[in-house]
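Heads up, upload-v1.json below (JSON, C-alpha atoms):
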[["chain", "number", "residue", "atom", "x", "y", "z"],
["H", 170, "MET", "CA", 4.03, 17.40, 13.51],
["H", 171, "ILE", "CA", 3.56, 14.43, 11.19],
["H", 172, "ASN", "CA", 1.66, 11.48, 12.67],
["H", 173, "GLU", "CA", 3.30, 8.51, 10.98],
["H", 174, "LYS", "CA", 0.85, 6.06, 12.55],
["H", 175, "ALA", "CA", -2.12, 7.72, 10.85],
["H", 176, "ILE", "CA", -3.82, 5.59, 8.20],
["H", 177, "HIS", "CA", -4.56, 7.28, 4.89],
["H", 178, "THR", "CA", -6.77, 6.07, 2.03],
["H", 179, "THR", "CA", -6.19, 6.59, -1.68],
["H", 180, "PRO", "CA", -8.84, 7.32, -4.27],
["H", 181, "VAL", "CA", -9.71, 4.49, -6.68],
["H", 182, "GLY", "CA", -6.73, 3.74, -8.90],
["H", 183, "ILE", "CA", -5.35, 1.06, -11.20],
["H", 184, "GLY", "CA", -3.36, -1.69, -9.49],
["H", 185, "GLN", "CA", -0.08, -2.90, -10.97],
["H", 186, "TYR", "CA", 1.62, -6.23, -10.13],
["H", 187, "PRO", "CA", -0.48, -6.87, -7.00],
["H", 188, "TYR", "CA", 0.85, -9.37, -4.46],
["H", 189, "ILE", "CA", -1.84, -8.78, -1.85],
["H", 190, "PHE", "CA", -2.90, -12.31, -0.89],
["H", 191, "THR", "CA", 0.52, -13.97, -1.19],
["H", 192, "PRO", "CA", 3.93, -12.28, -0.70],
["H", 193, "ASP", "CA", 6.26, -11.75, -3.64],
["H", 194, "THR", "CA", 9.41, -13.78, -2.93],
["H", 195, "GLN", "CA", 11.33, -13.01, -6.11],
["H", 196, "PHE", "CA", 13.69, -10.48, -4.58],
["H", 197, "GLU", "CA", 13.05, -10.58, -0.82],
["H", 198, "LYS", "CA", 13.66, -14.06, 0.56],
["H", 199, "PRO", "CA", 12.68, -16.10, 2.45],
["H", 200, "ASP", "CA", 9.52, -14.37, 3.64],
["H", 201, "GLY", "CA", 8.91, -12.11, 0.64],
["H", 202, "VAL", "CA", 6.83, -8.94, 0.75],
["H", 203, "PHE", "CA", 3.21, -7.97, 0.12],
["H", 204, "THR", "CA", 3.30, -5.28, -2.52],
["H", 205, "VAL", "CA", 1.21, -3.41, -5.06],
["H", 206, "LYS", "CA", 1.70, -0.39, -7.27],
["H", 207, "LEU", "CA", -1.22, 1.99, -7.72],
["H", 208, "VAL", "CA", -1.60, 4.44, -10.60],
["H", 209, "LEU", "CA", -3.61, 7.59, -9.90],
["H", 210, "THR", "CA", -4.44, 10.57, -12.06],
["H", 211, "ASP", "CA", -2.28, 13.65, -11.54],
["H", 212, "GLU", "CA", -5.12, 15.36, -9.70],
["H", 213, "ASP", "CA", -5.92, 12.41, -7.42],
["H", 214, "ALA", "CA", -2.22, 11.94, -6.67],
["H", 215, "LYS", "CA", -1.61, 15.49, -5.39],
["H", 216, "PRO", "CA", -2.58, 14.86, -1.73],
["H", 217, "LEU", "CA", -0.43, 11.71, -1.60],
["H", 218, "VAL", "CA", 2.59, 13.46, -3.07],
["H", 219, "LYS", "CA", 2.10, 16.30, -0.57],
["H", 220, "LEU", "CA", 1.90, 13.82, 2.33],
["H", 221, "TYR", "CA", 5.01, 12.02, 1.11],
["H", 222, "GLU", "CA", 7.07, 15.19, 0.76],
["H", 223, "GLU", "CA", 5.91, 16.62, 4.11],
["H", 224, "THR", "CA", 6.84, 13.36, 5.86],
["H", 225, "LEU", "CA", 10.25, 13.44, 4.21],
["H", 226, "THR", "CA", 10.89, 17.10, 5.07],
["H", 227, "ALA", "CA", 9.90, 16.60, 8.71],
["H", 228, "ARG", "CA", 12.39, 13.75, 9.09],
["H", 229, "GLN", "CA", 15.12, 15.75, 7.33],
["H", 230, "LYS", "CA", 14.66, 18.53, 9.90],
["H", 231, "THR", "CA", 14.84, 16.00, 12.74],
["H", 232, "GLU", "CA", 18.03, 14.50, 11.30],
["H", 233, "ASN", "CA", 19.42, 17.97, 10.48],
["H", 234, "THR", "CA", 20.17, 17.01, 6.88],
["H", 235, "ASP", "CA", 18.96, 17.76, 3.38],
["H", 236, "ARG", "CA", 20.05, 14.36, 2.05],
["H", 237, "ARG", "CA", 17.32, 12.41, 0.30],
["H", 238, "ALA", "CA", 17.30, 8.69, -0.48],
["H", 239, "PRO", "CA", 17.73, 8.06, -4.23],
["H", 240, "HIS", "CA", 14.67, 5.80, -4.49],
["H", 241, "THR", "CA", 11.31, 7.54, -4.17],
["H", 242, "GLN", "CA", 8.15, 5.47, -3.68],
["H", 243, "TYR", "CA", 6.28, 7.34, -6.40],
["H", 244, "LYS", "CA", 7.05, 8.28, -9.98],
["H", 245, "VAL", "CA", 5.48, 10.28, -12.79],
["H", 246, "LEU", "CA", 4.55, 8.06, -15.75],
["H", 247, "GLN", "CA", 5.25, 9.12, -19.32],
["H", 248, "SER", "CA", 1.78, 7.93, -20.30],
["H", 249, "GLY", "CA", 0.21, 10.15, -17.64],
["H", 250, "GLY", "CA", -0.61, 9.72, -13.99],
["H", 251, "ILE", "CA", 1.57, 8.97, -10.96],
["H", 252, "GLU", "CA", 2.46, 5.50, -9.70],
["H", 253, "PHE", "CA", 2.85, 4.78, -5.97],
["H", 254, "LYS", "CA", 4.47, 1.67, -4.50],
["H", 255, "PHE", "CA", 3.06, 0.15, -1.29],
["H", 256, "LYS", "CA", 4.75, -2.66, 0.65],
["H", 257, "LEU", "CA", 4.29, -4.71, 3.81],
["H", 258, "LYS", "CA", 6.74, -7.23, 5.24],
["H", 259, "PRO", "CA", 4.91, -10.40, 6.36],
["H", 260, "LYS", "CA", 7.39, -11.00, 9.18],
["H", 261, "VAL", "CA", 9.03, -8.35, 11.37],
["H", 262, "THR", "CA", 11.79, -8.80, 13.95],
["H", 263, "MET", "CA", 11.61, -6.37, 16.86],
["H", 264, "LYS", "CA", 14.63, -4.79, 18.57],
["H", 265, "ASN", "CA", 14.19, -7.20, 21.48],
["H", 266, "GLY", "CA", 14.53, -10.15, 19.10],
["H", 267, "THR", "CA", 10.89, -11.23, 19.04],
["H", 268, "ASP", "CA", 9.06, -11.74, 15.74],
["H", 269, "PHE", "CA", 5.50, -11.03, 14.68],
["H", 270, "GLU", "CA", 3.62, -11.72, 11.46],
["H", 271, "GLN", "CA", 1.26, -9.41, 9.58],
["H", 272, "ARG", "CA", -0.66, -9.21, 6.34],
["H", 273, "PRO", "CA", -2.85, -6.59, 4.64],
["H", 274, "LYS", "CA", -6.62, -6.82, 5.06],
["H", 275, "ILE", "CA", -8.41, -7.30, 1.74],
["H", 276, "TYR", "CA", -11.98, -6.07, 1.31],
["H", 277, "ASN", "CA", -14.57, -6.40, -1.42],
["H", 278, "ALA", "CA", -16.32, -3.32, -2.79],
["H", 279, "ASP", "CA", -19.17, -3.85, -0.29],
["H", 280, "LYS", "CA", -16.65, -3.85, 2.61],
["H", 281, "THR", "CA", -16.93, -7.57, 3.31],
["H", 282, "ILE", "CA", -13.71, -9.55, 3.66],
["H", 283, "ALA", "CA", -12.46, -10.81, 0.28],
["H", 284, "GLU", "CA", -11.72, -14.47, -0.29],
["H", 285, "THR", "CA", -8.30, -15.38, -1.71],
["H", 286, "GLN", "CA", -8.51, -15.06, -5.49],
["H", 287, "PRO", "CA", -6.43, -14.06, -8.54],
["H", 288, "VAL", "CA", -6.00, -10.28, -8.80],
["H", 289, "TYR", "CA", -3.91, -9.00, -11.70],
["H", 290, "THR", "CA", -2.64, -5.77, -13.19],
["H", 291, "GLY", "CA", -5.45, -3.50, -14.30],
["H", 292, "SER", "CA", -7.70, -4.18, -11.31],
["H", 293, "LYS", "CA", -9.33, -1.10, -9.79],
["H", 294, "MET", "CA", -8.73, -0.67, -6.07],
["H", 295, "LYS", "CA", -8.26, 1.67, -3.12],
["H", 296, "ILE", "CA", -5.31, 1.39, -0.74],
["H", 297, "ALA", "CA", -5.13, 2.15, 2.99],
["H", 298, "PHE", "CA", -1.56, 2.90, 4.08],
["H", 299, "GLN", "CA", 0.82, 4.58, 6.50],
["H", 300, "ALA", "CA", 3.55, 6.97, 5.36],
["H", 301, "PHE", "CA", 6.63, 6.41, 7.54],
["H", 302, "SER", "CA", 10.11, 7.93, 7.42],
["H", 303, "TRP", "CA", 13.51, 6.35, 7.88],
["H", 304, "ALA", "CA", 17.12, 7.53, 7.82],
["H", 305, "ASN", "CA", 20.62, 6.08, 7.61],
["H", 306, "ASN", "CA", 24.11, 7.38, 6.92],
["H", 307, "LEU", "CA", 24.43, 5.59, 3.60],
["H", 308, "GLN", "CA", 21.29, 6.75, 1.78],
["H", 309, "GLY", "CA", 20.03, 9.72, 3.77],
["H", 310, "VAL", "CA", 16.32, 10.17, 4.50],
["H", 311, "GLY", "CA", 13.50, 8.27, 2.82],
["H", 312, "VAL", "CA", 9.80, 7.52, 3.11],
["H", 313, "GLY", "CA", 8.01, 4.20, 2.81],
["H", 314, "LEU", "CA", 4.34, 3.52, 2.13],
["H", 315, "ARG", "CA", 3.21, 0.69, 4.43],
["H", 316, "LEU", "CA", 0.36, -1.33, 2.93],
["H", 317, "LYS", "CA", -2.42, -1.78, 5.51],
["H", 318, "ALA", "CA", -5.53, -2.75, 3.54],
["H", 319, "VAL", "CA", -6.96, -2.99, 0.03],
["H", 320, "GLN", "CA", -10.50, -2.52, -1.21],
["H", 321, "LEU", "CA", -11.10, -4.34, -4.49],
["H", 322, "ILE", "CA", -13.44, -2.30, -6.69],
["H", 323, "GLU", "CA", -13.18, -4.07, -10.05],
["H", 324, "ILE", "CA", -11.05, -7.19, -10.47],
["H", 325, "VAL", "CA", -9.01, -8.33, -13.45],
["H", 326, "SER", "CA", -8.83, -12.06, -12.77],
["H", 327, "THR", "CA", -6.68, -13.14, -15.73],
["H", 328, "LYS", "CA", -3.21, -12.06, -16.78],
["H", 329, "SER", "CA", -2.90, -9.60, -19.65],
["H", 330, "ASP", "CA", -0.78, -10.59, -22.64],
["H", 331, "THR", "CA", 0.60, -7.06, -22.95],
["H", 332, "LYS", "CA", 2.55, -4.99, -20.47],
["H", 333, "SER", "CA", 1.18, -1.60, -19.54],
["H", 334, "GLU", "CA", 2.10, 1.11, -17.08],
["H", 335, "THR", "CA", -1.52, 1.64, -16.24],
["H", 336, "THR", "CA", -2.86, -1.73, -17.71],
["H", 337, "GLU", "CA", -8.45, -3.02, 13.18],
["H", 338, "ASP", "CA", -11.16, -3.44, 15.11],
["H", 339, "ASN", "CA", -14.12, -1.56, 13.66],
["H", 340, "PHE", "CA", -11.67, 0.54, 11.62],
["H", 341, "ASP", "CA", -12.93, 1.06, 8.08],
["H", 342, "TYR", "CA", -9.66, 2.44, 6.59],
["H", 343, "GLY", "CA", -11.62, 5.24, 4.93],
["H", 344, "PHE", "CA", -13.39, 2.83, 2.58],
["H", 345, "GLY", "CA", -17.00, 3.43, 1.58],
["H", 346, "GLU", "CA", -19.22, 0.95, -0.21],
["H", 347, "GLU", "CA", -18.70, 1.04, -3.97],
["H", 348, "LYS", "CA", -21.00, -0.22, -6.72],
["H", 349, "VAL", "CA", -19.46, -3.09, -8.69],
["H", 350, "SER", "CA", -20.64, -6.02, -10.73],
["H", 351, "ASN", "CA", -17.87, -8.62, -10.73],
["H", 352, "VAL", "CA", -16.59, -8.68, -7.13],
["H", 353, "PRO", "CA", -18.32, -11.35, -5.03],
["H", 354, "SER", "CA", -19.51, -10.65, -1.52],
["H", 355, "GLY", "CA", -17.38, -12.30, 1.14],
["H", 356, "LYS", "CA", -17.52, -13.22, 4.78],
["H", 357, "LYS", "CA", -17.72, -10.58, 7.46],
["H", 358, "GLU", "CA", -14.50, -9.71, 9.25],
["H", 359, "VAL", "CA", -13.49, -11.60, 12.36],
["H", 360, "PRO", "CA", -12.26, -9.02, 14.92],
["H", 361, "VAL", "CA", -8.50, -8.76, 15.16],
["H", 362, "SER", "CA", -6.63, -6.74, 17.76],
["H", 363, "GLN", "CA", -5.22, -3.38, 16.68],
["H", 364, "GLU", "CA", -1.70, -4.46, 17.65],
["H", 365, "THR", "CA", -1.54, -7.16, 14.98],
["H", 366, "ASP", "CA", -1.70, -4.55, 12.21],
["H", 367, "PHE", "CA", 1.70, -3.09, 13.10]]
Can you give me the file's structure in the form of structure tokens?
Amino acid sequence: MINEKAIHTTPVGIGQYPYIFTPDTQFEKPDGVFTVKLVLTDEDAKPLVKLYEETLTARQKTENTDRRAPHTQYKVLQSGGIEFKFKLKPKVTMKNGTDFEQRPKIYNADKTIAETQPVYTGSKMKIAFQAFSWANNLQGVGVGLRLKAVQLIEIVSTKSDTKSETTEDNFDYGFGEEKVSNVPSGKKEVPVSQETDF
């Protein structure tokens, strides 16, 4: 049985179009969405693809259907590697009508909490996420990758002039300390209850 609340951690990859400190409001208004794409090598991507497909298959069996949503949250790049898309809504409305707010936790390479700063395409990072399934009559069954936390390994702090495909309490999200030269140390994390992450 797939545990969709389990938190998984990617290897180090190349971030694309990261909106990790401030939500992207271009297409999802008014609250926007925290989002980042991560490019991994084919080899590093294999466990994530396996997790994605197993989560999808399990939900298809539950729904007794072989229908699959047309939009997959990963794609094979022509230039090599596989790109995954992670998202987190900053505001969620529950079935009972109550709202709660959330945001991803951002860490430096040394596991201290990162200060708000520019982070652009090409930055090296690790992502902690949940793979969750959904289903509806219109699209079929799909899987989303819920962004939980980011560890910044090597930051690109200025925008590139060229576009490129590859250019909770005491919970460490699977991050280890990484050696890095250009990521400043930040303040230690203030404890936050587990419930606020979901």
Distance cut-off 10 Å, centre (-10.9, -7.5, -8.5) in file coordinates, counting all atoms listed in the file: which residues qualify? Return them as a tab-separated table (two decimals) with C-alpha atoms, keeping the file's coordinate frame.
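After the write, point_37.tsv holds the following:
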chain	number	residue	atom	x	y	z
H	184	GLY	CA	-3.36	-1.69	-9.49
H	276	TYR	CA	-11.98	-6.07	1.31
H	277	ASN	CA	-14.57	-6.40	-1.42
H	278	ALA	CA	-16.32	-3.32	-2.79
H	283	ALA	CA	-12.46	-10.81	0.28
H	286	GLN	CA	-8.51	-15.06	-5.49
H	287	PRO	CA	-6.43	-14.06	-8.54
H	288	VAL	CA	-6.00	-10.28	-8.80
H	289	TYR	CA	-3.91	-9.00	-11.70
H	290	THR	CA	-2.64	-5.77	-13.19
H	291	GLY	CA	-5.45	-3.50	-14.30
H	292	SER	CA	-7.70	-4.18	-11.31
H	293	LYS	CA	-9.33	-1.10	-9.79
H	294	MET	CA	-8.73	-0.67	-6.07
H	320	GLN	CA	-10.50	-2.52	-1.21
H	321	LEU	CA	-11.10	-4.34	-4.49
H	322	ILE	CA	-13.44	-2.30	-6.69
H	323	GLU	CA	-13.18	-4.07	-10.05
H	324	ILE	CA	-11.05	-7.19	-10.47
H	325	VAL	CA	-9.01	-8.33	-13.45
H	326	SER	CA	-8.83	-12.06	-12.77
H	349	VAL	CA	-19.46	-3.09	-8.69
H	351	ASN	CA	-17.87	-8.62	-10.73
H	352	VAL	CA	-16.59	-8.68	-7.13
H	353	PRO	CA	-18.32	-11.35	-5.03
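Comparing the minimum interatomic distances between Ile296 (chain H) and each of H:Gly343, H:Thr231, H:Ser329, H:Pro199, counting only C-alpha atoms, we find that H:Gly343 sits nearest.
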Worksheet item: Quick one: of H:Gln308, H:Thr194, H:Thr327, H:Thr210, who's nearest to Gly250 (chain H), counting only C-alpha atoms?
Response: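 For Gly250 (chain H), the nearest of the candidates is H:Thr210.
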Item to complete: Would you kindly identify which residues have an atom no farther than 6 Å from (6.3, 6.0, 7.2), using only C-alpha atoms and the file's own coordinates, and write them out as a list in words?
Response: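 Those residues, ordered by chain and then number, are Glu173, Gln299, Ala300, Phe301, Ser302, Val312, Gly313 and Leu314 of chain H.
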Worksheet item: Out of H:Ile176, H:Val181, H:Val205, H:Thr241, which residue has the shortest atom-to-atom distance to Leu225 (chain H) when counting only C-alpha atoms?
Response: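 Under the stated criterion, the closest residue is H:Thr241.
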Take every atom of region 254-270 of chain H listed in the file, pad by 5 Å on each side, and give me the axis-aligned box centre and edge lengths in Å, one decimal, as lines of an AutoDock Vina configuration file.
center_x = 8.8
center_y = -5.0
center_z = 8.5
size_x = 21.6
size_y = 23.4
size_z = 36.0
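Using all atoms listed in the file, the smallest distance between any of H:Ile171, H:Ile282, H:Val319, H:Ala238 and Lys206 (chain H) comes from H:Val319.
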Practice prompt. Pick out the closest residue to Gly201 (chain H) from this set: H:Leu257, H:Thr262, H:Arg236, H:Pro273. Count all atoms listed in the file.
Written response: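 Closest residue, counting all atoms listed in the file: H:Leu257.
Among the candidates H:Thr285, H:Leu316, H:Lys256, H:Tyr243, the residue lying nearest to Glu222 (chain H) is H:Tyr243 (atoms considered: all atoms listed in the file).
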